[in-house]
file protein-v5.cif (mmCIF, N, CA and C atoms)
data_target
loop_
_atom_site.label_atom_id
_atom_site.label_comp_id
_atom_site.auth_asym_id
_atom_site.auth_seq_id
_atom_site.Cartn_x
_atom_site.Cartn_y
_atom_site.Cartn_z
N MET A 1 0.85 -1.17 0.00
CA MET A 1 0.00 0.00 0.00
C MET A 1 0.89 1.23 0.00
N TYR A 2 0.53 2.19 -0.83
CA TYR A 2 1.26 3.45 -0.80
C TYR A 2 0.25 4.56 -1.00
N LEU A 3 0.19 5.45 -0.04
CA LEU A 3 -0.78 6.54 -0.11
C LEU A 3 -0.09 7.89 -0.27
N GLY A 4 1.11 7.88 -0.84
CA GLY A 4 1.82 9.13 -1.06
C GLY A 4 2.49 9.66 0.19
N ASP A 5 2.54 8.89 1.23
CA ASP A 5 3.12 9.32 2.49
C ASP A 5 4.12 8.26 2.93
N LYS A 6 5.37 8.65 3.10
CA LYS A 6 6.42 7.70 3.47
C LYS A 6 6.14 7.04 4.82
N GLN A 7 5.43 7.76 5.69
CA GLN A 7 5.13 7.20 7.01
C GLN A 7 4.23 5.98 6.91
N PHE A 8 3.29 5.97 5.96
CA PHE A 8 2.44 4.80 5.78
C PHE A 8 3.29 3.59 5.40
N GLY A 9 4.18 3.78 4.45
CA GLY A 9 5.04 2.69 4.02
C GLY A 9 5.94 2.19 5.13
N LEU A 10 6.47 3.13 5.90
CA LEU A 10 7.35 2.76 7.01
C LEU A 10 6.57 1.99 8.08
N LEU A 11 5.39 2.49 8.43
CA LEU A 11 4.56 1.79 9.42
C LEU A 11 4.17 0.40 8.92
N GLU A 12 3.85 0.31 7.65
CA GLU A 12 3.49 -0.98 7.08
C GLU A 12 4.65 -1.98 7.21
N LYS A 13 5.86 -1.53 6.93
CA LYS A 13 7.04 -2.39 7.06
C LYS A 13 7.26 -2.84 8.50
N VAL A 14 7.15 -1.90 9.43
CA VAL A 14 7.40 -2.21 10.84
C VAL A 14 6.33 -3.16 11.37
N ILE A 15 5.08 -2.94 11.00
CA ILE A 15 3.99 -3.83 11.41
C ILE A 15 4.21 -5.22 10.83
N GLY A 16 4.58 -5.29 9.57
CA GLY A 16 4.85 -6.58 8.93
C GLY A 16 5.99 -7.32 9.62
N ALA A 17 7.04 -6.60 9.99
CA ALA A 17 8.16 -7.21 10.71
C ALA A 17 7.71 -7.73 12.07
N SER A 18 6.83 -6.99 12.73
CA SER A 18 6.32 -7.43 14.04
C SER A 18 5.52 -8.73 13.91
N VAL A 19 4.74 -8.84 12.84
CA VAL A 19 3.96 -10.05 12.61
C VAL A 19 4.90 -11.25 12.40
N ILE A 20 5.92 -11.06 11.59
CA ILE A 20 6.89 -12.14 11.35
C ILE A 20 7.63 -12.48 12.63
N ARG A 21 8.04 -11.46 13.39
CA ARG A 21 8.75 -11.70 14.65
C ARG A 21 7.88 -12.50 15.62
N HIS A 22 6.59 -12.19 15.66
CA HIS A 22 5.67 -12.91 16.54
C HIS A 22 5.65 -14.40 16.19
N LYS A 23 5.58 -14.70 14.89
CA LYS A 23 5.58 -16.09 14.45
C LYS A 23 6.90 -16.78 14.79
N VAL A 24 8.01 -16.08 14.63
CA VAL A 24 9.32 -16.66 14.93
C VAL A 24 9.45 -16.95 16.42
N ILE A 25 9.02 -16.01 17.25
CA ILE A 25 9.10 -16.21 18.70
C ILE A 25 8.20 -17.38 19.12
N ALA A 26 7.00 -17.44 18.56
CA ALA A 26 6.09 -18.55 18.87
C ALA A 26 6.72 -19.88 18.45
N ASN A 27 7.40 -19.89 17.33
CA ASN A 27 8.10 -21.09 16.87
C ASN A 27 9.23 -21.46 17.83
N ASN A 28 9.96 -20.47 18.32
CA ASN A 28 11.01 -20.74 19.30
C ASN A 28 10.42 -21.38 20.56
N ILE A 29 9.31 -20.82 21.04
CA ILE A 29 8.67 -21.35 22.24
C ILE A 29 8.18 -22.79 21.99
N ALA A 30 7.62 -23.02 20.82
CA ALA A 30 7.12 -24.36 20.50
C ALA A 30 8.25 -25.39 20.45
N ASN A 31 9.46 -24.94 20.18
CA ASN A 31 10.61 -25.84 20.06
C ASN A 31 11.54 -25.80 21.26
N VAL A 32 11.06 -25.30 22.38
CA VAL A 32 11.90 -25.17 23.57
C VAL A 32 12.47 -26.51 24.03
N ASN A 33 11.78 -27.59 23.77
CA ASN A 33 12.25 -28.92 24.19
C ASN A 33 12.74 -29.78 23.03
N THR A 34 12.95 -29.19 21.87
CA THR A 34 13.44 -29.93 20.71
C THR A 34 14.95 -29.99 20.74
N PRO A 35 15.53 -31.18 20.90
CA PRO A 35 17.00 -31.28 20.94
C PRO A 35 17.63 -30.73 19.66
N GLY A 36 18.68 -29.94 19.83
CA GLY A 36 19.41 -29.39 18.70
C GLY A 36 18.80 -28.16 18.06
N TYR A 37 17.60 -27.76 18.49
CA TYR A 37 16.96 -26.59 17.89
C TYR A 37 17.74 -25.34 18.23
N LYS A 38 17.95 -24.48 17.24
CA LYS A 38 18.63 -23.20 17.45
C LYS A 38 17.61 -22.08 17.35
N ARG A 39 17.67 -21.19 18.31
CA ARG A 39 16.77 -20.04 18.40
C ARG A 39 16.86 -19.20 17.13
N LEU A 40 15.69 -18.80 16.62
CA LEU A 40 15.62 -17.94 15.44
C LEU A 40 15.29 -16.52 15.87
N ASP A 41 15.62 -15.58 15.02
CA ASP A 41 15.34 -14.17 15.29
C ASP A 41 15.07 -13.49 13.96
N ILE A 42 14.75 -12.20 14.02
CA ILE A 42 14.50 -11.40 12.83
C ILE A 42 15.62 -10.38 12.69
N SER A 43 16.14 -10.27 11.49
CA SER A 43 17.09 -9.22 11.16
C SER A 43 16.32 -8.16 10.40
N PHE A 44 16.15 -6.99 11.01
CA PHE A 44 15.34 -5.95 10.36
C PHE A 44 15.71 -4.55 10.82
N GLU A 45 15.70 -4.31 12.13
CA GLU A 45 15.81 -2.96 12.65
C GLU A 45 17.12 -2.26 12.26
N ASN A 46 18.24 -2.98 12.34
CA ASN A 46 19.52 -2.35 12.00
C ASN A 46 19.58 -1.95 10.54
N GLU A 47 19.06 -2.80 9.66
CA GLU A 47 19.03 -2.48 8.24
C GLU A 47 18.11 -1.28 7.97
N LEU A 48 16.98 -1.25 8.67
CA LEU A 48 16.05 -0.14 8.50
C LEU A 48 16.67 1.17 8.98
N LYS A 49 17.32 1.13 10.14
CA LYS A 49 17.98 2.34 10.67
C LYS A 49 19.03 2.85 9.71
N ALA A 50 19.83 1.93 9.16
CA ALA A 50 20.88 2.33 8.22
C ALA A 50 20.28 2.95 6.96
N ALA A 51 19.19 2.36 6.47
CA ALA A 51 18.53 2.91 5.27
C ALA A 51 17.93 4.28 5.56
N LEU A 52 17.34 4.44 6.74
CA LEU A 52 16.74 5.73 7.10
C LEU A 52 17.79 6.83 7.24
N LYS A 53 18.97 6.46 7.77
CA LYS A 53 20.04 7.43 7.94
C LYS A 53 20.83 7.65 6.66
N GLY A 54 20.57 6.82 5.67
CA GLY A 54 21.32 6.92 4.42
C GLY A 54 22.71 6.31 4.53
N ASN A 55 22.91 5.45 5.52
CA ASN A 55 24.22 4.83 5.74
C ASN A 55 24.38 3.52 4.98
N SER A 56 23.46 3.21 4.10
CA SER A 56 23.59 1.97 3.34
C SER A 56 23.18 2.25 1.90
N ASN A 57 23.49 1.30 1.05
CA ASN A 57 23.09 1.42 -0.35
C ASN A 57 21.68 0.91 -0.57
N THR A 58 21.04 0.49 0.51
CA THR A 58 19.70 -0.08 0.43
C THR A 58 18.65 1.02 0.57
N ASP A 59 17.70 1.03 -0.34
CA ASP A 59 16.56 1.93 -0.26
C ASP A 59 15.60 1.38 0.79
N ILE A 60 14.89 2.26 1.45
CA ILE A 60 13.96 1.84 2.51
C ILE A 60 12.95 0.84 1.98
N THR A 61 12.50 1.01 0.76
CA THR A 61 11.50 0.10 0.20
C THR A 61 12.05 -1.31 0.03
N ALA A 62 13.37 -1.46 -0.04
CA ALA A 62 13.98 -2.78 -0.23
C ALA A 62 14.28 -3.49 1.08
N VAL A 63 14.16 -2.79 2.21
CA VAL A 63 14.45 -3.40 3.50
C VAL A 63 13.31 -4.34 3.86
N LYS A 64 13.67 -5.60 4.10
CA LYS A 64 12.67 -6.61 4.45
C LYS A 64 13.18 -7.41 5.64
N PRO A 65 12.28 -7.83 6.51
CA PRO A 65 12.71 -8.67 7.64
C PRO A 65 13.19 -10.02 7.15
N LYS A 66 14.27 -10.50 7.75
CA LYS A 66 14.82 -11.80 7.40
C LYS A 66 14.89 -12.66 8.65
N VAL A 67 14.46 -13.90 8.53
CA VAL A 67 14.57 -14.85 9.64
C VAL A 67 15.99 -15.40 9.62
N VAL A 68 16.66 -15.28 10.77
CA VAL A 68 18.05 -15.72 10.89
C VAL A 68 18.21 -16.55 12.16
N VAL A 69 19.22 -17.40 12.16
CA VAL A 69 19.57 -18.11 13.39
C VAL A 69 20.22 -17.10 14.30
N ALA A 70 19.70 -16.98 15.52
CA ALA A 70 20.21 -15.99 16.46
C ALA A 70 21.66 -16.29 16.81
N LYS A 71 22.43 -15.22 16.89
CA LYS A 71 23.82 -15.37 17.31
C LYS A 71 23.84 -15.71 18.79
N ASN A 72 24.86 -16.43 19.22
CA ASN A 72 24.98 -16.75 20.64
C ASN A 72 25.23 -15.48 21.42
N THR A 73 24.27 -15.11 22.22
CA THR A 73 24.36 -13.92 23.05
C THR A 73 24.06 -14.30 24.48
N GLU A 74 23.94 -13.30 25.33
CA GLU A 74 23.60 -13.60 26.72
C GLU A 74 22.20 -14.18 26.84
N LYS A 75 21.36 -13.97 25.82
CA LYS A 75 20.00 -14.50 25.85
C LYS A 75 19.95 -15.98 25.46
N THR A 76 20.99 -16.46 24.82
CA THR A 76 20.97 -17.84 24.36
C THR A 76 22.08 -18.61 25.05
N SER A 77 21.70 -19.64 25.76
CA SER A 77 22.69 -20.49 26.40
C SER A 77 22.49 -21.90 25.89
N LEU A 78 23.56 -22.47 25.36
CA LEU A 78 23.49 -23.80 24.80
C LEU A 78 23.35 -24.83 25.92
N ARG A 79 22.32 -25.65 25.83
CA ARG A 79 22.08 -26.69 26.82
C ARG A 79 22.76 -27.98 26.37
N ASN A 80 22.73 -28.97 27.22
CA ASN A 80 23.34 -30.26 26.90
C ASN A 80 22.74 -30.90 25.65
N ASP A 81 21.46 -30.64 25.39
CA ASP A 81 20.81 -31.23 24.22
C ASP A 81 21.02 -30.41 22.95
N GLY A 82 21.80 -29.31 23.02
CA GLY A 82 22.09 -28.49 21.85
C GLY A 82 21.07 -27.41 21.58
N ASN A 83 19.99 -27.36 22.34
CA ASN A 83 18.96 -26.35 22.18
C ASN A 83 19.40 -25.09 22.94
N ASN A 84 19.16 -23.92 22.36
CA ASN A 84 19.57 -22.69 23.03
C ASN A 84 18.40 -21.74 23.30
N VAL A 85 17.19 -22.27 23.41
CA VAL A 85 15.99 -21.45 23.66
C VAL A 85 15.76 -21.35 25.16
N ASN A 86 15.57 -20.11 25.62
CA ASN A 86 15.20 -19.85 27.01
C ASN A 86 13.74 -19.40 26.98
N ALA A 87 12.85 -20.25 27.50
CA ALA A 87 11.41 -19.99 27.40
C ALA A 87 11.02 -18.65 28.04
N GLU A 88 11.60 -18.32 29.19
CA GLU A 88 11.24 -17.06 29.85
C GLU A 88 11.65 -15.84 29.00
N GLU A 89 12.82 -15.91 28.40
CA GLU A 89 13.26 -14.81 27.53
C GLU A 89 12.36 -14.68 26.31
N GLU A 90 11.94 -15.82 25.77
CA GLU A 90 11.08 -15.78 24.59
C GLU A 90 9.72 -15.18 24.92
N VAL A 91 9.15 -15.55 26.06
CA VAL A 91 7.87 -14.98 26.47
C VAL A 91 8.02 -13.47 26.67
N SER A 92 9.12 -13.06 27.27
CA SER A 92 9.39 -11.63 27.46
C SER A 92 9.47 -10.91 26.11
N GLU A 93 10.15 -11.52 25.15
CA GLU A 93 10.25 -10.94 23.81
C GLU A 93 8.90 -10.90 23.11
N LEU A 94 8.08 -11.92 23.36
CA LEU A 94 6.74 -11.97 22.77
C LEU A 94 5.88 -10.82 23.28
N VAL A 95 5.94 -10.57 24.58
CA VAL A 95 5.18 -9.46 25.17
C VAL A 95 5.68 -8.12 24.62
N LYS A 96 6.99 -7.96 24.58
CA LYS A 96 7.58 -6.72 24.05
C LYS A 96 7.17 -6.50 22.59
N ASN A 97 7.20 -7.56 21.80
CA ASN A 97 6.81 -7.46 20.41
C ASN A 97 5.33 -7.12 20.26
N ALA A 98 4.48 -7.72 21.08
CA ALA A 98 3.04 -7.44 21.03
C ALA A 98 2.76 -5.98 21.36
N LEU A 99 3.47 -5.45 22.34
CA LEU A 99 3.30 -4.03 22.69
C LEU A 99 3.73 -3.13 21.53
N SER A 100 4.86 -3.44 20.93
CA SER A 100 5.33 -2.65 19.79
C SER A 100 4.32 -2.71 18.64
N TYR A 101 3.84 -3.90 18.36
CA TYR A 101 2.86 -4.08 17.29
C TYR A 101 1.63 -3.21 17.55
N ASN A 102 1.11 -3.26 18.78
CA ASN A 102 -0.08 -2.46 19.11
C ASN A 102 0.16 -0.97 18.95
N ILE A 103 1.34 -0.51 19.34
CA ILE A 103 1.66 0.91 19.19
C ILE A 103 1.68 1.31 17.72
N PHE A 104 2.32 0.49 16.88
CA PHE A 104 2.41 0.83 15.46
C PHE A 104 1.06 0.74 14.76
N VAL A 105 0.21 -0.20 15.17
CA VAL A 105 -1.13 -0.30 14.60
C VAL A 105 -1.95 0.93 14.99
N GLN A 106 -1.81 1.39 16.24
CA GLN A 106 -2.51 2.60 16.67
C GLN A 106 -2.02 3.82 15.88
N LEU A 107 -0.73 3.90 15.64
CA LEU A 107 -0.20 5.01 14.84
C LEU A 107 -0.77 4.97 13.43
N MET A 108 -0.83 3.79 12.84
CA MET A 108 -1.38 3.64 11.49
C MET A 108 -2.86 4.04 11.49
N SER A 109 -3.58 3.63 12.51
CA SER A 109 -5.00 3.97 12.62
C SER A 109 -5.19 5.49 12.70
N LYS A 110 -4.34 6.15 13.48
CA LYS A 110 -4.42 7.61 13.61
C LYS A 110 -4.10 8.29 12.27
N LYS A 111 -3.14 7.73 11.53
CA LYS A 111 -2.81 8.30 10.21
C LYS A 111 -4.01 8.17 9.28
N PHE A 112 -4.68 7.02 9.31
CA PHE A 112 -5.86 6.84 8.47
C PHE A 112 -6.98 7.79 8.88
N ALA A 113 -7.17 7.97 10.19
CA ALA A 113 -8.21 8.89 10.67
C ALA A 113 -7.92 10.31 10.22
N ALA A 114 -6.66 10.71 10.30
CA ALA A 114 -6.27 12.05 9.86
C ALA A 114 -6.49 12.21 8.36
N LEU A 115 -6.16 11.17 7.60
CA LEU A 115 -6.36 11.21 6.15
C LEU A 115 -7.85 11.31 5.81
N LYS A 116 -8.66 10.54 6.53
CA LYS A 116 -10.10 10.57 6.30
C LYS A 116 -10.66 11.96 6.59
N THR A 117 -10.19 12.55 7.69
CA THR A 117 -10.65 13.90 8.03
C THR A 117 -10.20 14.91 6.97
N ALA A 118 -8.97 14.76 6.49
CA ALA A 118 -8.44 15.68 5.49
C ALA A 118 -9.20 15.64 4.19
N ILE A 119 -9.75 14.48 3.83
CA ILE A 119 -10.50 14.40 2.57
C ILE A 119 -11.99 14.62 2.78
N GLY A 120 -12.34 15.05 4.00
CA GLY A 120 -13.72 15.42 4.28
C GLY A 120 -14.61 14.27 4.68
N GLY A 121 -14.02 13.16 5.08
CA GLY A 121 -14.83 11.99 5.45
C GLY A 121 -15.02 11.85 6.94
N GLY A 122 -14.55 12.85 7.71
CA GLY A 122 -14.71 12.78 9.16
C GLY A 122 -16.16 12.95 9.56
N THR A 123 -16.50 12.45 10.71
CA THR A 123 -17.88 12.60 11.18
C THR A 123 -18.11 14.04 11.58
N GLN A 124 -19.22 14.55 11.18
CA GLN A 124 -19.55 15.94 11.45
C GLN A 124 -20.92 16.03 12.11
N GLY A 125 -20.96 15.62 13.37
CA GLY A 125 -22.18 15.77 14.16
C GLY A 125 -23.33 14.93 13.67
N GLY A 126 -23.06 13.79 13.09
CA GLY A 126 -24.20 13.04 12.65
C GLY A 126 -23.93 11.65 12.55
#
call {"tool": "encode", "arguments": {"input": "protein-v5.cif", "output": "structure tokens"}}
result
Amino acid sequence: MYLGDKQFGLLEKVIGASVIRHKVIANNIANVNTPGYKRLDISFENELKAALKGNSNTDITAVKPKVVVAKNTEKTSLRNDGNNVNAEEEVSELVKNALSYNIFVQLMSKKFAALKTAIGGGTQGG
């Protein structure tokens, strides 16, 4: 969708990334007891920031979320069975992602309401 406003496109990308991240986190949680499973994550925000700042050769419209195997960080600890998913961390990330998603959807809704009002479609006492 493109309505002539870069903010719509940006919000659409961020909301789409949140939806994919939600699925990835749910998949991680579902595989918490799967031997050898490696935690997945989304690569998106850093690429988007670089594109927004003009620090990359990538245009904002080309930035897309990518599912990647998470790098070993403090959030991932390899267990004896080779699985590196921490259920509590994943639930925390799920909640954080849901909050972000809701905020961006509300912003998109406000943009649509403002657009509707601007074209004369706002409610006027009736």
call {"tool": "closest_atom_pairs", "arguments": {"input": "protein-v5.cif", "of": "stretch 49-109 of chain A", "to": "stretch 4-25 of chain A", "cutoff": "8 Å", "atoms": "all atoms listed in the file", "output": "Markdown table"}}
result
| residue | atom | partner | partner_atom | distance |
| --- | --- | --- | --- | --- |
| A:Ile60 | C | A:Leu10 | CA | 7.8 |
| A:Thr61 | CA | A:Gly9 | C | 7.7 |
| A:Val63 | C | A:Lys13 | CA | 7.3 |
| A:Lys64 | C | A:Ala17 | CA | 7.1 |
| A:Pro65 | CA | A:Ala17 | CA | 5.7 |
| A:Lys66 | N | A:Ala17 | CA | 7.5 |
| A:Val67 | CA | A:Val24 | CA | 7.7 |
| A:Glu90 | CA | A:Ile25 | CA | 6.2 |
| A:Val91 | N | A:Ile25 | C | 7.2 |
| A:Glu93 | C | A:Ile25 | CA | 6.9 |
| A:Leu94 | CA | A:Ile25 | CA | 6.3 |
| A:Asn97 | C | A:Ser18 | CA | 6.3 |
| A:Ala98 | N | A:His22 | CA | 7.0 |
| A:Ser100 | C | A:Ser18 | CA | 6.9 |
| A:Tyr101 | CA | A:Ser18 | CA | 5.8 |
| A:Asn102 | N | A:Ile15 | CA | 7.9 |
| A:Phe104 | CA | A:Ile15 | CA | 6.4 |
| A:Val105 | N | A:Ile15 | CA | 6.5 |
| A:Leu107 | C | A:Leu11 | CA | 7.4 |
| A:Met108 | CA | A:Leu11 | CA | 6.6 |
call {"tool": "write_last_selection", "arguments": {"input": "protein-v5.cif", "atoms": "N, CA and C atoms", "output": "PDB file, in the coordinates of the input"}}
result
ATOM      1  N   ILE A  60      14.890   2.260   1.450  1.00  0.00           N
ATOM      2  CA  ILE A  60      13.960   1.840   2.510  1.00  0.00           C
ATOM      3  C   ILE A  60      12.950   0.840   1.980  1.00  0.00           C
ATOM      4  N   THR A  61      12.500   1.010   0.760  1.00  0.00           N
ATOM      5  CA  THR A  61      11.500   0.100   0.200  1.00  0.00           C
ATOM      6  C   THR A  61      12.050  -1.310   0.030  1.00  0.00           C
ATOM      7  N   VAL A  63      14.160  -2.790   2.210  1.00  0.00           N
ATOM      8  CA  VAL A  63      14.450  -3.400   3.500  1.00  0.00           C
ATOM      9  C   VAL A  63      13.310  -4.340   3.860  1.00  0.00           C
ATOM     10  N   LYS A  64      13.670  -5.600   4.100  1.00  0.00           N
ATOM     11  CA  LYS A  64      12.670  -6.610   4.450  1.00  0.00           C
ATOM     12  C   LYS A  64      13.180  -7.410   5.640  1.00  0.00           C
ATOM     13  N   PRO A  65      12.280  -7.830   6.510  1.00  0.00           N
ATOM     14  CA  PRO A  65      12.710  -8.670   7.640  1.00  0.00           C
ATOM     15  C   PRO A  65      13.190 -10.020   7.150  1.00  0.00           C
ATOM     16  N   LYS A  66      14.270 -10.500   7.750  1.00  0.00           N
ATOM     17  CA  LYS A  66      14.820 -11.800   7.400  1.00  0.00           C
ATOM     18  C   LYS A  66      14.890 -12.660   8.650  1.00  0.00           C
ATOM     19  N   VAL A  67      14.460 -13.900   8.530  1.00  0.00           N
ATOM     20  CA  VAL A  67      14.570 -14.850   9.640  1.00  0.00           C
ATOM     21  C   VAL A  67      15.990 -15.400   9.620  1.00  0.00           C
ATOM     22  N   GLU A  90      11.940 -15.820  25.770  1.00  0.00           N
ATOM     23  CA  GLU A  90      11.080 -15.780  24.590  1.00  0.00           C
ATOM     24  C   GLU A  90       9.720 -15.180  24.920  1.00  0.00           C
ATOM     25  N   VAL A  91       9.150 -15.550  26.060  1.00  0.00           N
ATOM     26  CA  VAL A  91       7.870 -14.980  26.470  1.00  0.00           C
ATOM     27  C   VAL A  91       8.020 -13.470  26.670  1.00  0.00           C
ATOM     28  N   GLU A  93      10.150 -11.520  25.150  1.00  0.00           N
ATOM     29  CA  GLU A  93      10.250 -10.940  23.810  1.00  0.00           C
ATOM     30  C   GLU A  93       8.900 -10.900  23.110  1.00  0.00           C
ATOM     31  N   LEU A  94       8.080 -11.920  23.360  1.00  0.00           N
ATOM     32  CA  LEU A  94       6.740 -11.970  22.770  1.00  0.00           C
ATOM     33  C   LEU A  94       5.880 -10.820  23.280  1.00  0.00           C
ATOM     34  N   ASN A  97       7.200  -7.560  21.800  1.00  0.00           N
ATOM     35  CA  ASN A  97       6.810  -7.460  20.410  1.00  0.00           C
ATOM     36  C   ASN A  97       5.330  -7.120  20.260  1.00  0.00           C
ATOM     37  N   ALA A  98       4.480  -7.720  21.080  1.00  0.00           N
ATOM     38  CA  ALA A  98       3.040  -7.440  21.030  1.00  0.00           C
ATOM     39  C   ALA A  98       2.760  -5.980  21.360  1.00  0.00           C
ATOM     40  N   SER A 100       4.860  -3.440  20.930  1.00  0.00           N
ATOM     41  CA  SER A 100       5.330  -2.650  19.790  1.00  0.00           C
ATOM     42  C   SER A 100       4.320  -2.710  18.640  1.00  0.00           C
ATOM     43  N   TYR A 101       3.840  -3.900  18.360  1.00  0.00           N
ATOM     44  CA  TYR A 101       2.860  -4.080  17.290  1.00  0.00           C
ATOM     45  C   TYR A 101       1.630  -3.210  17.550  1.00  0.00           C
ATOM     46  N   ASN A 102       1.110  -3.260  18.780  1.00  0.00           N
ATOM     47  CA  ASN A 102      -0.080  -2.460  19.110  1.00  0.00           C
ATOM     48  C   ASN A 102       0.160  -0.970  18.950  1.00  0.00           C
ATOM     49  N   PHE A 104       2.320   0.490  16.880  1.00  0.00           N
ATOM     50  CA  PHE A 104       2.410   0.830  15.460  1.00  0.00           C
ATOM     51  C   PHE A 104       1.060   0.740  14.760  1.00  0.00           C
ATOM     52  N   VAL A 105       0.210  -0.200  15.170  1.00  0.00           N
ATOM     53  CA  VAL A 105      -1.130  -0.300  14.600  1.00  0.00           C
ATOM     54  C   VAL A 105      -1.950   0.930  14.990  1.00  0.00           C
ATOM     55  N   LEU A 107      -0.730   3.900  15.640  1.00  0.00           N
ATOM     56  CA  LEU A 107      -0.200   5.010  14.840  1.00  0.00           C
ATOM     57  C   LEU A 107      -0.770   4.970  13.430  1.00  0.00           C
ATOM     58  N   MET A 108      -0.830   3.790  12.840  1.00  0.00           N
ATOM     59  CA  MET A 108      -1.380   3.640  11.490  1.00  0.00           C
ATOM     60  C   MET A 108      -2.860   4.040  11.490  1.00  0.00           C
TER      61      MET A 108
END
call {"tool": "residues_around", "arguments": {"input": "protein-v5.cif", "residues": "A:Leu40", "least_positions_apart": "2", "cutoff": "8 Å", "atoms": "all atoms listed in the file", "output": "list in words"}}
result
Val24, Ile25, Asn27, Asn28, Tyr37, Lys38, Ile42, Ser43, Val67, Val68, Val69, Ala70, Lys71, Asn84 and Val85 of chain A
call {"tool": "select_by_dssp", "arguments": {"input": "protein-v5.cif", "residues": "stretch 32-72 of chain A", "states": "helix (DSSP H, G or I)", "output": "ChimeraX atom specification"}}
result
/A:45-53,60-62
call {"tool": "atom_distance", "arguments": {"input": "protein-v5.cif", "atom1": "atom CA of A:Asp81", "atom2": "atom C of A:Thr34"}}
result
6.9 Å
call {"tool": "axis_aligned_box", "arguments": {"input": "protein-v5.cif", "around": "stretch 16-27 of chain A", "padding_each_side": "4 Å", "output": "lines of an AutoDock Vina configuration file"}}
result
center_x = 6.7
center_y = -13.4
center_z = 14.0
size_x = 13.5
size_y = 24.2
size_z = 18.2
call {"tool": "select_by_dssp", "arguments": {"input": "protein-v5.cif", "residues": "chain A", "states": "strand (DSSP E)", "output": "list in words"}}
result
Leu40, Asp41, Ile42, Ser43, Lys66, Val67, Val68 and Val69 of chain A
call {"tool": "atom_distance", "arguments": {"input": "protein-v5.cif", "atom1": "atom N of A:Glu47", "atom2": "atom N of A:Asn86"}}
result
23.8 Å
call {"tool": "atom_distance", "arguments": {"input": "protein-v5.cif", "atom1": "atom CA of A:Val95", "atom2": "atom CA of A:Gly36"}}
result
25.3 Å
